[in-house]
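Scroll down for the structure; my scribbles are underneath it.
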Amino acid sequence: LGNVSYCGAVGFGKAAAGASYPSVYIWGTVAGVRGVYRSTDTGASWVRVNDDMHQYGGPANGQFVVGDMSTFGVVYMSTAGRGIVYGKQGGGTTSTSTTTSTTSTTTSSTATTTTTTSTTIPTSTTTTTTAPSTTTTTATTTTTTNATGSISATLKIASDWGAGYCADVVVKNSGTQAVQWNIQLTVQGKINNLWSAEWTQTGSTLTAKGLSFNNIVQPNGTQTFGFCAVR
């Protein structure tokens, strides 16, 4: 498919009304933007069903995105340390949420997503069996400059359970020319899982660069990767 430059997971779900073929769901990159997408026309066009703040680390080691074969618009995805999330289409506001429940701690988050057809999705809830967690929202920004552009990397904690955490990193090019990105960040603990980048860690310094599908950052564009670490 010419409009999909990367696909990390693919699955099928119930067909849209009037369609004779199933809906297709992917975790991939469409028009330079990574996310969860749905197509109801055999891949000719795609609608994004999440947003940049709710990537959940991608499908991670589970490596699956799959639609519900009984209900159109429902999609399930594995995550990096956050259990299984699902989205459900309906008539409310466009949003997704996840909830982590244990005997002592509850963590929830809600975000707004945008689709090209302005179709709205109600709140969806996922219950996981991960360890007690407290989500923090902290960010560290490191900026490096070269002859063709300015590359900045912003690290944001996605989930934190005390003994470890998962984080998303957004690499941005604020320059005027496309560049290959290569960044260094100070991180806590020892990384045990990192996706969408080539990396090494020396002490608290993480060095990372893009892979073949995401190593170029266009002017004012971004690329993303993520990791999990133990403290």
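Just remember, in the structure tokens the first chain shown is A, the second B, etc., residues are 1-based per chain, and ligands are 1-based in the order shown.
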Near-A:Phe64 list (8 Å; only C-alpha atoms; drop same-chain fewer than 3 positions) as an MDAnalysis selection string: chainID A and resid 9:11 59 77:78
Stretch 21-55 of chain A: residues DSSP assigns to strand (DSSP E or B), reported as a PyMOL selection string: chain A and resi 23-30+33-39+47-48
Find the residues around A:Val230 up to 6 Å (only C-alpha atoms counted), leave out those fewer than 6 positions away in its own chain, and share them as a list in words. Ala163, Gly164, Gly189 and Lys190 of chain A
Select, from A:Thr79, A:Asn214, A:Thr154, A:Gly226, the residue with the minimum atom-to-atom distance to A:Ser5, counting only C-alpha atoms. A:Asn214
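Between atom CA of A:Val75 and atom CA of A:Lys88 the interatomic distance comes to 6.8 Å.
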Leaving out A:Val169 and any residue of its chain fewer than 2 positions from it, which residues lie within 12 Å of it when counting only C-alpha atoms, given as an mmCIF file with all heavy atoms, in the first residue's frame?
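Final output, saved to out-v9.cif:
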data_model
loop_
_atom_site.group_PDB
_atom_site.id
_atom_site.type_symbol
_atom_site.label_atom_id
_atom_site.label_comp_id
_atom_site.auth_asym_id
_atom_site.auth_seq_id
_atom_site.Cartn_x
_atom_site.Cartn_y
_atom_site.Cartn_z
ATOM 1 N N ASP A 52 -1.325 11.347 19.616
ATOM 2 C CA ASP A 52 0.090 11.280 19.993
ATOM 3 C C ASP A 52 0.293 11.054 21.481
ATOM 4 O O ASP A 52 1.311 10.489 21.888
ATOM 5 C CB ASP A 52 0.807 12.576 19.574
ATOM 6 C CG ASP A 52 0.988 12.675 18.070
ATOM 7 O OD1 ASP A 52 0.924 11.615 17.400
ATOM 8 O OD2 ASP A 52 1.188 13.783 17.561
ATOM 9 N N MET A 53 -0.653 11.494 22.319
ATOM 10 C CA MET A 53 -0.492 11.359 23.765
ATOM 11 C C MET A 53 -0.913 9.976 24.252
ATOM 12 O O MET A 53 -0.719 9.645 25.419
ATOM 13 C CB MET A 53 -1.315 12.438 24.483
ATOM 14 C CG MET A 53 -0.840 13.854 24.192
ATOM 15 S SD MET A 53 0.888 14.105 24.643
ATOM 16 C CE MET A 53 0.775 13.907 26.420
ATOM 17 N N GLN A 55 -0.168 6.606 22.772
ATOM 18 C CA GLN A 55 0.451 5.576 21.950
ATOM 19 C C GLN A 55 0.609 4.275 22.729
ATOM 20 O O GLN A 55 0.734 3.213 22.149
ATOM 21 C CB GLN A 55 1.836 6.047 21.475
ATOM 22 C CG GLN A 55 1.818 7.358 20.683
ATOM 23 C CD GLN A 55 1.541 7.126 19.217
ATOM 24 O OE1 GLN A 55 0.798 6.233 18.849
ATOM 25 N NE2 GLN A 55 2.152 7.927 18.362
ATOM 26 N N TYR A 56 0.647 4.367 24.067
ATOM 27 C CA TYR A 56 0.779 3.206 24.953
ATOM 28 C C TYR A 56 2.038 2.381 24.678
ATOM 29 O O TYR A 56 2.097 1.203 24.984
ATOM 30 C CB TYR A 56 -0.456 2.301 24.858
ATOM 31 C CG TYR A 56 -1.731 3.032 25.150
ATOM 32 C CD1 TYR A 56 -2.627 3.323 24.136
ATOM 33 C CD2 TYR A 56 -2.029 3.473 26.440
ATOM 34 C CE1 TYR A 56 -3.793 4.027 24.407
ATOM 35 C CE2 TYR A 56 -3.194 4.172 26.713
ATOM 36 C CZ TYR A 56 -4.076 4.440 25.695
ATOM 37 O OH TYR A 56 -5.229 5.130 25.958
ATOM 38 N N GLY A 57 3.059 3.017 24.080
ATOM 39 C CA GLY A 57 4.275 2.276 23.767
ATOM 40 C C GLY A 57 4.146 1.373 22.558
ATOM 41 O O GLY A 57 5.013 0.548 22.302
ATOM 42 N N THR A 138 6.121 13.736 33.784
ATOM 43 C CA THR A 138 7.347 14.514 33.848
ATOM 44 C C THR A 138 8.014 14.440 32.501
ATOM 45 O O THR A 138 7.894 13.450 31.790
ATOM 46 C CB THR A 138 8.309 13.969 34.922
ATOM 47 O OG1 THR A 138 8.594 12.594 34.605
ATOM 48 C CG2 THR A 138 7.698 14.043 36.296
ATOM 49 N N ALA A 139 8.702 15.484 32.122
ATOM 50 C CA ALA A 139 9.356 15.499 30.816
ATOM 51 C C ALA A 139 10.751 16.083 30.930
ATOM 52 O O ALA A 139 10.992 16.983 31.725
ATOM 53 C CB ALA A 139 8.538 16.312 29.815
ATOM 54 N N THR A 140 11.682 15.528 30.160
ATOM 55 C CA THR A 140 13.037 16.031 30.086
ATOM 56 C C THR A 140 13.324 16.343 28.634
ATOM 57 O O THR A 140 13.087 15.509 27.760
ATOM 58 C CB THR A 140 14.047 14.990 30.600
ATOM 59 O OG1 THR A 140 13.707 14.648 31.934
ATOM 60 C CG2 THR A 140 15.463 15.550 30.542
ATOM 61 N N THR A 141 13.819 17.525 28.338
ATOM 62 C CA THR A 141 14.099 17.909 26.966
ATOM 63 C C THR A 141 15.589 18.159 26.797
ATOM 64 O O THR A 141 16.191 18.901 27.563
ATOM 65 C CB THR A 141 13.321 19.188 26.564
ATOM 66 O OG1 THR A 141 11.929 18.948 26.751
ATOM 67 C CG2 THR A 141 13.597 19.537 25.107
ATOM 68 N N THR A 142 16.184 17.504 25.788
ATOM 69 C CA THR A 142 17.578 17.710 25.436
ATOM 70 C C THR A 142 17.630 18.175 24.003
ATOM 71 O O THR A 142 16.998 17.583 23.129
ATOM 72 C CB THR A 142 18.379 16.406 25.589
ATOM 73 O OG1 THR A 142 18.302 15.976 26.937
ATOM 74 C CG2 THR A 142 19.838 16.630 25.205
ATOM 75 N N SER A 152 15.464 18.205 18.821
ATOM 76 C CA SER A 152 15.171 18.140 20.242
ATOM 77 C C SER A 152 14.477 16.835 20.552
ATOM 78 O O SER A 152 13.734 16.314 19.728
ATOM 79 C CB SER A 152 14.292 19.325 20.675
ATOM 80 O OG SER A 152 13.029 19.253 20.057
ATOM 81 N N ALA A 153 14.739 16.305 21.735
ATOM 82 C CA ALA A 153 14.119 15.047 22.156
ATOM 83 C C ALA A 153 13.424 15.272 23.493
ATOM 84 O O ALA A 153 14.050 15.693 24.460
ATOM 85 C CB ALA A 153 15.168 13.944 22.288
ATOM 86 N N THR A 154 12.129 15.009 23.542
ATOM 87 C CA THR A 154 11.346 15.184 24.763
ATOM 88 C C THR A 154 10.901 13.828 25.287
ATOM 89 O O THR A 154 10.241 13.072 24.586
ATOM 90 C CB THR A 154 10.109 16.058 24.497
ATOM 91 O OG1 THR A 154 10.540 17.329 23.996
ATOM 92 C CG2 THR A 154 9.314 16.273 25.779
ATOM 93 N N LEU A 155 11.290 13.527 26.516
ATOM 94 C CA LEU A 155 10.950 12.250 27.161
ATOM 95 C C LEU A 155 9.795 12.469 28.127
ATOM 96 O O LEU A 155 9.849 13.360 28.972
ATOM 97 C CB LEU A 155 12.178 11.699 27.898
ATOM 98 C CG LEU A 155 12.056 10.348 28.614
ATOM 99 C CD1 LEU A 155 13.432 9.701 28.686
ATOM 100 C CD2 LEU A 155 11.503 10.500 30.032
ATOM 101 N N LYS A 156 8.749 11.657 28.004
ATOM 102 C CA LYS A 156 7.603 11.753 28.899
ATOM 103 C C LYS A 156 7.272 10.376 29.460
ATOM 104 O O LYS A 156 7.159 9.404 28.720
ATOM 105 C CB LYS A 156 6.390 12.326 28.179
ATOM 106 C CG LYS A 156 5.149 12.419 29.074
ATOM 107 C CD LYS A 156 4.055 13.258 28.459
ATOM 108 C CE LYS A 156 4.401 14.730 28.457
ATOM 109 N NZ LYS A 156 3.275 15.580 28.024
ATOM 110 N N ILE A 157 7.149 10.285 30.795
ATOM 111 C CA ILE A 157 6.817 9.031 31.455
ATOM 112 C C ILE A 157 5.373 8.648 31.100
ATOM 113 O O ILE A 157 4.447 9.417 31.307
ATOM 114 C CB ILE A 157 6.959 9.137 32.982
ATOM 115 C CG1 ILE A 157 8.385 9.558 33.364
ATOM 116 C CG2 ILE A 157 6.596 7.803 33.651
ATOM 117 C CD1 ILE A 157 9.453 8.584 32.975
ATOM 118 N N ALA A 158 5.185 7.440 30.552
ATOM 119 C CA ALA A 158 3.848 6.957 30.211
ATOM 120 C C ALA A 158 3.219 6.177 31.349
ATOM 121 O O ALA A 158 2.021 6.262 31.587
ATOM 122 C CB ALA A 158 3.904 6.084 28.945
ATOM 123 N N CYS A 166 7.743 3.019 31.969
ATOM 124 C CA CYS A 166 7.807 3.074 30.511
ATOM 125 C C CYS A 166 7.692 4.537 30.083
ATOM 126 O O CYS A 166 7.004 5.328 30.740
ATOM 127 C CB CYS A 166 6.700 2.246 29.865
ATOM 128 S SG CYS A 166 6.886 0.452 30.091
ATOM 129 N N ALA A 167 8.376 4.900 29.030
ATOM 130 C CA ALA A 167 8.410 6.298 28.595
ATOM 131 C C ALA A 167 8.304 6.378 27.079
ATOM 132 O O ALA A 167 8.707 5.456 26.359
ATOM 133 C CB ALA A 167 9.689 6.986 29.068
ATOM 134 N N VAL A 171 11.056 12.997 19.037
ATOM 135 C CA VAL A 171 12.196 13.682 18.430
ATOM 136 C C VAL A 171 11.658 14.685 17.411
ATOM 137 O O VAL A 171 10.920 14.312 16.496
ATOM 138 C CB VAL A 171 13.139 12.677 17.748
ATOM 139 C CG1 VAL A 171 14.319 13.406 17.105
ATOM 140 C CG2 VAL A 171 13.635 11.641 18.753
ATOM 141 N N LYS A 172 12.001 15.956 17.571
ATOM 142 C CA LYS A 172 11.460 17.002 16.690
ATOM 143 C C LYS A 172 12.586 17.744 15.972
ATOM 144 O O LYS A 172 13.627 18.026 16.547
ATOM 145 C CB LYS A 172 10.631 18.003 17.503
ATOM 146 C CG LYS A 172 9.997 19.098 16.638
ATOM 147 C CD LYS A 172 9.116 20.029 17.453
ATOM 148 C CE LYS A 172 8.468 21.091 16.573
ATOM 149 N NZ LYS A 172 7.597 21.998 17.334
ATOM 150 N N ILE A 183 20.285 11.177 19.009
ATOM 151 C CA ILE A 183 20.147 11.972 20.227
ATOM 152 C C ILE A 183 20.727 11.239 21.433
ATOM 153 O O ILE A 183 20.939 10.020 21.404
ATOM 154 C CB ILE A 183 18.660 12.335 20.490
ATOM 155 C CG1 ILE A 183 17.787 11.059 20.621
ATOM 156 C CG2 ILE A 183 18.129 13.238 19.390
ATOM 157 C CD1 ILE A 183 17.572 10.591 22.022
ATOM 158 N N GLN A 184 20.986 12.017 22.484
ATOM 159 C CA GLN A 184 21.381 11.474 23.771
ATOM 160 C C GLN A 184 20.447 12.026 24.847
ATOM 161 O O GLN A 184 20.120 13.223 24.832
ATOM 162 C CB GLN A 184 22.829 11.833 24.113
ATOM 163 C CG GLN A 184 23.858 11.057 23.312
ATOM 164 C CD GLN A 184 25.270 11.290 23.823
ATOM 165 O OE1 GLN A 184 25.576 12.335 24.399
ATOM 166 N NE2 GLN A 184 26.137 10.311 23.606
ATOM 167 N N LEU A 185 20.020 11.170 25.765
ATOM 168 C CA LEU A 185 19.148 11.561 26.863
ATOM 169 C C LEU A 185 19.673 10.965 28.161
ATOM 170 O O LEU A 185 20.256 9.877 28.166
ATOM 171 C CB LEU A 185 17.725 11.049 26.645
ATOM 172 C CG LEU A 185 16.859 11.723 25.584
ATOM 173 C CD1 LEU A 185 15.562 10.956 25.438
ATOM 174 C CD2 LEU A 185 16.578 13.162 25.967
ATOM 175 N N THR A 186 19.448 11.664 29.261
ATOM 176 C CA THR A 186 19.723 11.117 30.583
ATOM 177 C C THR A 186 18.476 10.398 31.079
ATOM 178 O O THR A 186 17.387 10.970 31.099
ATOM 179 C CB THR A 186 20.103 12.236 31.565
ATOM 180 O OG1 THR A 186 21.289 12.891 31.093
ATOM 181 C CG2 THR A 186 20.370 11.667 32.957
ATOM 182 N N VAL A 187 18.611 9.123 31.439
ATOM 183 C CA VAL A 187 17.472 8.319 31.853
ATOM 184 C C VAL A 187 17.740 7.707 33.224
ATOM 185 O O VAL A 187 18.878 7.596 33.664
ATOM 186 C CB VAL A 187 17.178 7.189 30.831
ATOM 187 C CG1 VAL A 187 16.839 7.773 29.474
ATOM 188 C CG2 VAL A 187 18.361 6.245 30.722
ATOM 189 N N LEU A 194 13.352 -1.499 24.302
ATOM 190 C CA LEU A 194 13.247 -0.233 23.548
ATOM 191 C C LEU A 194 12.807 -0.572 22.134
ATOM 192 O O LEU A 194 13.273 -1.548 21.535
ATOM 193 C CB LEU A 194 14.588 0.498 23.536
ATOM 194 C CG LEU A 194 14.579 1.926 22.951
ATOM 195 C CD1 LEU A 194 15.578 2.826 23.676
ATOM 196 C CD2 LEU A 194 14.871 1.922 21.456
ATOM 197 N N TRP A 195 11.879 0.228 21.586
ATOM 198 C CA TRP A 195 11.339 -0.035 20.265
ATOM 199 C C TRP A 195 11.453 1.185 19.377
ATOM 200 O O TRP A 195 11.491 2.327 19.829
ATOM 201 C CB TRP A 195 9.876 -0.485 20.347
ATOM 202 C CG TRP A 195 8.988 0.415 21.155
ATOM 203 C CD1 TRP A 195 8.227 1.454 20.721
ATOM 204 C CD2 TRP A 195 8.786 0.359 22.577
ATOM 205 N NE1 TRP A 195 7.567 2.039 21.754
ATOM 206 C CE2 TRP A 195 7.885 1.393 22.918
ATOM 207 C CE3 TRP A 195 9.284 -0.462 23.597
ATOM 208 C CZ2 TRP A 195 7.472 1.630 24.228
ATOM 209 C CZ3 TRP A 195 8.869 -0.232 24.893
ATOM 210 C CH2 TRP A 195 7.970 0.800 25.193
ATOM 211 N N SER A 196 11.516 0.935 18.079
ATOM 212 C CA SER A 196 11.539 1.963 17.019
ATOM 213 C C SER A 196 12.805 2.802 17.013
ATOM 214 O O SER A 196 12.791 3.951 16.561
ATOM 215 C CB SER A 196 10.299 2.877 17.112
ATOM 216 O OG SER A 196 9.117 2.129 16.960
ATOM 217 N N ALA A 197 13.935 2.275 17.498
ATOM 218 C CA ALA A 197 15.208 2.996 17.440
ATOM 219 C C ALA A 197 16.349 2.008 17.667
ATOM 220 O O ALA A 197 16.180 0.947 18.271
ATOM 221 C CB ALA A 197 15.275 4.113 18.471
ATOM 222 N N LEU A 206 21.444 7.519 27.527
ATOM 223 C CA LEU A 206 20.863 6.758 26.429
ATOM 224 C C LEU A 206 21.225 7.441 25.114
ATOM 225 O O LEU A 206 20.984 8.632 24.944
ATOM 226 C CB LEU A 206 19.340 6.699 26.564
ATOM 227 C CG LEU A 206 18.555 6.212 25.334
ATOM 228 C CD1 LEU A 206 18.900 4.768 25.003
ATOM 229 C CD2 LEU A 206 17.056 6.379 25.544
ATOM 230 N N ALA A 208 20.474 7.134 21.040
ATOM 231 C CA ALA A 208 19.522 6.484 20.143
ATOM 232 C C ALA A 208 19.525 7.169 18.786
ATOM 233 O O ALA A 208 19.776 8.376 18.678
ATOM 234 C CB ALA A 208 18.110 6.517 20.735
ATOM 235 N N LYS A 209 19.260 6.368 17.745
ATOM 236 C CA LYS A 209 19.094 6.913 16.393
ATOM 237 C C LYS A 209 18.021 6.115 15.679
ATOM 238 O O LYS A 209 17.678 4.997 16.077
ATOM 239 C CB LYS A 209 20.405 6.881 15.613
ATOM 240 C CG LYS A 209 20.965 5.509 15.354
ATOM 241 C CD LYS A 209 22.286 5.605 14.570
ATOM 242 C CE LYS A 209 22.872 4.236 14.294
ATOM 243 N NZ LYS A 209 24.148 4.329 13.536
ATOM 244 N N GLY A 210 17.493 6.668 14.591
ATOM 245 C CA GLY A 210 16.373 6.066 13.910
ATOM 246 C C GLY A 210 16.728 4.800 13.150
ATOM 247 O O GLY A 210 17.899 4.544 12.829
ATOM 248 N N THR A 222 8.223 15.267 13.352
ATOM 249 C CA THR A 222 8.619 14.486 14.519
ATOM 250 C C THR A 222 8.739 13.013 14.161
ATOM 251 O O THR A 222 8.144 12.543 13.188
ATOM 252 C CB THR A 222 7.609 14.626 15.670
ATOM 253 O OG1 THR A 222 6.331 14.134 15.244
ATOM 254 C CG2 THR A 222 7.482 16.078 16.134
ATOM 255 N N GLN A 223 9.514 12.293 14.965
ATOM 256 C CA GLN A 223 9.547 10.838 14.984
ATOM 257 C C GLN A 223 9.469 10.414 16.455
ATOM 258 O O GLN A 223 9.822 11.204 17.346
ATOM 259 C CB GLN A 223 10.836 10.287 14.351
ATOM 260 C CG GLN A 223 10.995 10.588 12.873
ATOM 261 C CD GLN A 223 10.064 9.763 12.001
ATOM 262 O OE1 GLN A 223 9.253 8.997 12.498
ATOM 263 N NE2 GLN A 223 10.169 9.936 10.689
ATOM 264 N N THR A 224 9.020 9.211 16.718
ATOM 265 C CA THR A 224 8.855 8.765 18.095
ATOM 266 C C THR A 224 9.461 7.389 18.301
ATOM 267 O O THR A 224 9.544 6.584 17.374
ATOM 268 C CB THR A 224 7.366 8.698 18.490
ATOM 269 O OG1 THR A 224 6.696 7.770 17.645
ATOM 270 C CG2 THR A 224 6.701 10.063 18.369
ATOM 271 N N PHE A 225 9.900 7.150 19.537
ATOM 272 C CA PHE A 225 10.251 5.807 19.972
ATOM 273 C C PHE A 225 9.935 5.709 21.463
ATOM 274 O O PHE A 225 9.570 6.703 22.099
ATOM 275 C CB PHE A 225 11.726 5.481 19.673
ATOM 276 C CG PHE A 225 12.730 6.257 20.498
ATOM 277 C CD1 PHE A 225 13.253 5.738 21.680
ATOM 278 C CD2 PHE A 225 13.189 7.507 20.096
ATOM 279 C CE1 PHE A 225 14.183 6.430 22.426
ATOM 280 C CE2 PHE A 225 14.136 8.211 20.831
ATOM 281 C CZ PHE A 225 14.633 7.672 22.014
ATOM 282 N N GLY A 226 10.045 4.533 22.019
ATOM 283 C CA GLY A 226 9.711 4.362 23.435
ATOM 284 C C GLY A 226 10.561 3.269 24.060
ATOM 285 O O GLY A 226 11.233 2.505 23.375
ATOM 286 N N PHE A 227 10.506 3.207 25.396
ATOM 287 C CA PHE A 227 11.262 2.185 26.101
ATOM 288 C C PHE A 227 10.675 1.941 27.472
ATOM 289 O O PHE A 227 9.885 2.736 27.988
ATOM 290 C CB PHE A 227 12.735 2.592 26.227
ATOM 291 C CG PHE A 227 12.985 3.802 27.117
ATOM 292 C CD1 PHE A 227 13.154 3.671 28.486
ATOM 293 C CD2 PHE A 227 13.041 5.076 26.568
ATOM 294 C CE1 PHE A 227 13.378 4.771 29.289
ATOM 295 C CE2 PHE A 227 13.269 6.186 27.362
ATOM 296 C CZ PHE A 227 13.440 6.034 28.736
ATOM 297 N N CYS A 228 11.044 0.805 28.065
ATOM 298 C CA CYS A 228 10.740 0.505 29.450
ATOM 299 C C CYS A 228 12.058 0.241 30.182
ATOM 300 O O CYS A 228 13.024 -0.249 29.593
ATOM 301 C CB CYS A 228 9.818 -0.709 29.578
ATOM 302 S SG CYS A 228 8.154 -0.454 28.906
#
Name the closest residue to A:Val36 among the candidates A:Gly13, A:Pro22, A:Gly58, A:Gly73; distances are taken between atoms, counting only C-alpha atoms. A:Gly58
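Omitting stretch 37-45 of chain A and its sequence neighbours fewer than 4 positions away, and counting only C-alpha atoms, the residues within 6 Å are Ser23, Val24, Tyr25, Ile26 and Val49 of chain A.
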Using only C-alpha atoms, please write the residues we just selected to a file, as a PDB file, in the first residue's frame.
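Generated output (selection-v1.pdb):
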ATOM      1  CA  SER A  23     -12.356  -3.699   8.365  1.00  0.00           C
ATOM      2  CA  VAL A  24      -8.540  -3.579   8.532  1.00  0.00           C
ATOM      3  CA  TYR A  25      -6.682  -2.283  11.629  1.00  0.00           C
ATOM      4  CA  ILE A  26      -2.943  -1.558  11.796  1.00  0.00           C
ATOM      5  CA  VAL A  49      -8.200   6.039  16.122  1.00  0.00           C
TER       6      VAL A  49
END
By how many Å are atom CA of A:Ala178 and atom CA of A:Pro219 apart? 5.4 Å
Which of A:Trp181, A:Leu211, A:Asp51, A:Trp161 sits closest to A:Arg231 [using only C-alpha atoms]: A:Trp161
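With only C-alpha atoms as the atoms that count, the residue of A:Val33, A:Asn220, A:Ala16, A:Ala80 with the shortest distance to A:Asn3 is A:Val33.
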Could you give me, as a PyMOL selection string, the residues within 6 Å of A:Tyr165, counting only C-alpha atoms and dropping anything in the same chain fewer than 3 positions from it? chain A and resi 159-160+228-229
Quick one: write out the picked residues with N, CA and C atoms as a CSV table (one decimal), in the first residue's frame?
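What ended up in part-v7.csv:
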chain,number,residue,atom,x,y,z
A,159,SER,N,4.0,5.4,32.1
A,159,SER,CA,3.5,4.6,33.2
A,159,SER,C,4.7,4.4,34.2
A,160,ASP,N,4.4,4.4,35.5
A,160,ASP,CA,5.4,4.3,36.5
A,160,ASP,C,4.9,3.5,37.7
A,228,CYS,N,11.0,0.8,28.1
A,228,CYS,CA,10.7,0.5,29.5
A,228,CYS,C,12.1,0.2,30.2
A,229,ALA,N,12.1,0.6,31.5
A,229,ALA,CA,13.3,0.4,32.3
A,229,ALA,C,13.0,0.0,33.7
Shortest interatomic distance to A:Val217 - which of A:Gln188, A:Gly87, A:Glu198, A:Gly32, counting only C-alpha atoms: A:Gly32
